[in-house]
Amino acid sequence: MEDGALDHVTPGMLLPPIDLSATDGSSVHLSTLPGLSVLAVYPWTGRPGQPNPPDWDDIHGAHGSTPELEGFRDLCEDFAQHDTRIFGLSRQTTEYQRELVERLRLPFPILSDEHRSFSEAFALPSFTTGGESYLKRLTLMVRDGQIEWVFYPVADPAGHAGEVLASLKQEA
């Protein structure tokens, strides 16, 4: 899907039975995880000293993955107090993502959808630049394999973790 629509992903939907490789070496099956999980979907993370994809600076919403993930890192203990686990997800390979986890000291795993099985099962919104397709930024709150909340679009990546946490506290 090459647009911004996400009306078809709604609370109550069940997650597809798909295993995703995680940066901690595990394989995560989100549809079978008990309890509450945050899934922060993001387009791409760069590496210091390496160029961004073509025209990245001109694409609304492309920038912000690093500050968004750092926000979840900084509030990780607060989410844990609400028995909520955190995951990130992008189409980058697990190997590429591991560098990010180490560099940012993320205390939660990043999941790889490099084969696009998860994003295609949900027809998640994407954009293309430089001949590559990237997911648009969104967050799913999932309880026992079922979507509870959908955050889309994400207007402020750096403050998004606080927004998600505030919604969680409001529901508690």
# chains A, B, ... in the order shown; residues from 1 in each chain; ligands from 1
$ residues_around --residues "range 101-104 of chain A" --least-positions-apart "4" --cutoff "9 Å" --atoms "only C-alpha atoms" --output "ChimeraX atom specification"
/A:23,66,69-70,73,97,108-110
$ residues_around --residues "range 28-39 of chain A" --least-positions-apart "6" --cutoff "9 Å" --atoms "only C-alpha atoms" --output "ChimeraX atom specification"
/A:14-22,82-89,111,138-146,164
$ residues_around --residues "Thr93 in chain A" --least-positions-apart "4" --cutoff "8 Å" --atoms "only C-alpha atoms" --output "PDB file with C-alpha atoms, in the first residue's frame"
ATOM      1  CA  GLN A  97      18.976  -3.759  13.637  1.00  0.00           C
ATOM      2  CA  SER A 112      12.603  -7.690  11.499  1.00  0.00           C
ATOM      3  CA  ASP A 113       9.895  -7.811   8.854  1.00  0.00           C
ATOM      4  CA  GLU A 114      12.455  -8.029   6.068  1.00  0.00           C
TER       5      GLU A 114
END
$ select_by_dssp --residues "range 20-161 of chain A" --states "strand (DSSP E or B)" --output "MDAnalysis selection string"
chainID A and resid 20:22 27:29 36:41 84:90 110:112 126:129 132:135 138:143 146:151
$ residues_around --residues "Ser167 in chain A" --least-positions-apart "4" --cutoff "12 Å" --atoms "only C-alpha atoms" --output "PyMOL selection string"
chain A and resi 38+79+82+141+148-151+160-163+171-172
$ residues_around --residues "Leu135 in chain A" --least-positions-apart "3" --cutoff "8 Å" --atoms "only C-alpha atoms" --output "list of chain:residue names"
A:Val41, A:Tyr42, A:Pro43, A:Trp44, A:Ser90, A:Arg91, A:Ser119, A:Leu124, A:Pro125, A:Ser126, A:Phe127
$ write_last_selection --atoms "all heavy atoms" --output "mmCIF file, in the first residue's frame"
data_model
loop_
_atom_site.group_PDB
_atom_site.id
_atom_site.type_symbol
_atom_site.label_atom_id
_atom_site.label_comp_id
_atom_site.auth_asym_id
_atom_site.auth_seq_id
_atom_site.Cartn_x
_atom_site.Cartn_y
_atom_site.Cartn_z
ATOM 1 N N VAL A 41 6.145 0.552 15.012
ATOM 2 C CA VAL A 41 6.559 0.312 13.631
ATOM 3 C C VAL A 41 7.200 1.598 13.116
ATOM 4 O O VAL A 41 6.623 2.681 13.258
ATOM 5 C CB VAL A 41 5.339 -0.073 12.773
ATOM 6 C CG1 VAL A 41 5.733 -0.255 11.313
ATOM 7 C CG2 VAL A 41 4.668 -1.338 13.322
ATOM 8 N N TYR A 42 8.372 1.480 12.524
ATOM 9 C CA TYR A 42 9.082 2.662 12.038
ATOM 10 C C TYR A 42 9.698 2.363 10.674
ATOM 11 O O TYR A 42 9.929 1.202 10.324
ATOM 12 C CB TYR A 42 10.148 3.114 13.048
ATOM 13 C CG TYR A 42 11.242 2.104 13.281
ATOM 14 C CD1 TYR A 42 12.405 2.133 12.520
ATOM 15 C CD2 TYR A 42 11.112 1.107 14.246
ATOM 16 C CE1 TYR A 42 13.424 1.210 12.724
ATOM 17 C CE2 TYR A 42 12.118 0.181 14.458
ATOM 18 C CZ TYR A 42 13.266 0.231 13.691
ATOM 19 O OH TYR A 42 14.265 -0.695 13.882
ATOM 20 N N PRO A 43 9.999 3.413 9.890
ATOM 21 C CA PRO A 43 10.465 3.186 8.526
ATOM 22 C C PRO A 43 11.885 2.647 8.401
ATOM 23 O O PRO A 43 12.119 1.679 7.663
ATOM 24 C CB PRO A 43 10.364 4.561 7.854
ATOM 25 C CG PRO A 43 10.020 5.544 8.894
ATOM 26 C CD PRO A 43 9.692 4.818 10.154
ATOM 27 N N TRP A 44 12.826 3.257 9.104
ATOM 28 C CA TRP A 44 14.233 2.948 8.855
ATOM 29 C C TRP A 44 15.077 3.697 9.862
ATOM 30 O O TRP A 44 14.701 4.777 10.304
ATOM 31 C CB TRP A 44 14.582 3.418 7.440
ATOM 32 C CG TRP A 44 15.954 3.120 6.951
ATOM 33 C CD1 TRP A 44 16.387 1.940 6.428
ATOM 34 C CD2 TRP A 44 17.059 4.014 6.878
ATOM 35 N NE1 TRP A 44 17.693 2.052 6.043
ATOM 36 C CE2 TRP A 44 18.131 3.327 6.308
ATOM 37 C CE3 TRP A 44 17.242 5.343 7.259
ATOM 38 C CZ2 TRP A 44 19.367 3.899 6.097
ATOM 39 C CZ3 TRP A 44 18.476 5.920 7.049
ATOM 40 C CH2 TRP A 44 19.527 5.196 6.475
ATOM 41 N N SER A 90 10.748 -2.945 11.933
ATOM 42 C CA SER A 90 11.022 -2.326 10.639
ATOM 43 C C SER A 90 11.311 -3.440 9.642
ATOM 44 O O SER A 90 11.364 -4.613 10.003
ATOM 45 C CB SER A 90 12.215 -1.364 10.716
ATOM 46 O OG SER A 90 13.437 -2.079 10.751
ATOM 47 N N ARG A 91 11.513 -3.046 8.386
ATOM 48 C CA ARG A 91 11.833 -4.025 7.342
ATOM 49 C C ARG A 91 13.336 -4.261 7.223
ATOM 50 O O ARG A 91 13.772 -5.017 6.362
ATOM 51 C CB ARG A 91 11.266 -3.558 6.000
ATOM 52 C CG ARG A 91 9.760 -3.679 5.938
ATOM 53 C CD ARG A 91 9.244 -3.272 4.585
ATOM 54 N NE ARG A 91 7.819 -3.536 4.485
ATOM 55 C CZ ARG A 91 7.036 -2.963 3.582
ATOM 56 N NH1 ARG A 91 7.538 -2.104 2.708
ATOM 57 N NH2 ARG A 91 5.752 -3.249 3.547
ATOM 58 N N SER A 119 3.843 -6.939 7.581
ATOM 59 C CA SER A 119 3.309 -5.704 6.994
ATOM 60 C C SER A 119 2.350 -5.987 5.844
ATOM 61 O O SER A 119 1.362 -5.267 5.671
ATOM 62 C CB SER A 119 4.442 -4.772 6.550
ATOM 63 O OG SER A 119 5.330 -5.419 5.671
ATOM 64 N N LEU A 124 0.034 -2.677 5.786
ATOM 65 C CA LEU A 124 0.467 -1.467 6.479
ATOM 66 C C LEU A 124 0.901 -0.407 5.475
ATOM 67 O O LEU A 124 1.474 -0.729 4.425
ATOM 68 C CB LEU A 124 1.615 -1.779 7.444
ATOM 69 C CG LEU A 124 1.268 -2.684 8.618
ATOM 70 C CD1 LEU A 124 2.499 -2.906 9.505
ATOM 71 C CD2 LEU A 124 0.114 -2.122 9.443
ATOM 72 N N PRO A 125 0.636 0.852 5.769
ATOM 73 C CA PRO A 125 1.002 1.918 4.831
ATOM 74 C C PRO A 125 2.508 2.045 4.697
ATOM 75 O O PRO A 125 3.256 1.823 5.654
ATOM 76 C CB PRO A 125 0.391 3.167 5.454
ATOM 77 C CG PRO A 125 0.184 2.850 6.885
ATOM 78 C CD PRO A 125 -0.018 1.371 6.973
ATOM 79 N N SER A 126 2.924 2.395 3.478
ATOM 80 C CA SER A 126 4.348 2.503 3.185
ATOM 81 C C SER A 126 4.588 3.635 2.200
ATOM 82 O O SER A 126 3.652 4.240 1.673
ATOM 83 C CB SER A 126 4.859 1.177 2.605
ATOM 84 O OG SER A 126 4.213 0.899 1.371
ATOM 85 N N PHE A 127 5.862 3.901 1.969
ATOM 86 C CA PHE A 127 6.270 4.859 0.949
ATOM 87 C C PHE A 127 7.525 4.320 0.293
ATOM 88 O O PHE A 127 8.204 3.447 0.851
ATOM 89 C CB PHE A 127 6.500 6.258 1.547
ATOM 90 C CG PHE A 127 7.602 6.324 2.569
ATOM 91 C CD1 PHE A 127 8.899 6.622 2.204
ATOM 92 C CD2 PHE A 127 7.330 6.102 3.923
ATOM 93 C CE1 PHE A 127 9.915 6.691 3.147
ATOM 94 C CE2 PHE A 127 8.336 6.172 4.872
ATOM 95 C CZ PHE A 127 9.629 6.468 4.488
#
$ atom_distance --atom1 "CA of Ala40 in chain A" --atom2 "CA of Val154 in chain A"
10.1 Å
$ atom_distance --atom1 "CA of Gly64 in chain A" --atom2 "CA of Asp156 in chain A"
8.1 Å
$ closest_residue --among "A:Ser133, A:Ser27, A:Thr128, A:Gln81" --to "Leu165 in chain A" --atoms "only C-alpha atoms"
A:Gln81
$ closest_residue --among "A:Pro48, A:Ala155, A:Gly25, A:Asp74" --to "Arg137 in chain A" --atoms "only C-alpha atoms"
A:Ala155
$ select_by_dssp --residues "range 60-164 of chain A" --states "alpha helix (DSSP H)" --output "PyMOL selection string"
chain A and resi 65-74+76-81+94-104+117-121+160-164
$ closest_residue --among "A:Pro67, A:Ala80, A:Pro11, A:Asp58" --to "Lys169 in chain A" --atoms "only C-alpha atoms"
A:Ala80
$ closest_residue --among "A:Tyr134, A:Leu106, A:Thr10, A:Arg116" --to "Gly61 in chain A" --atoms "only C-alpha atoms"
A:Tyr134
$ atom_distance --atom1 "CA of Thr129 in chain A" --atom2 "CA of Pro54 in chain A"
6.2 Å
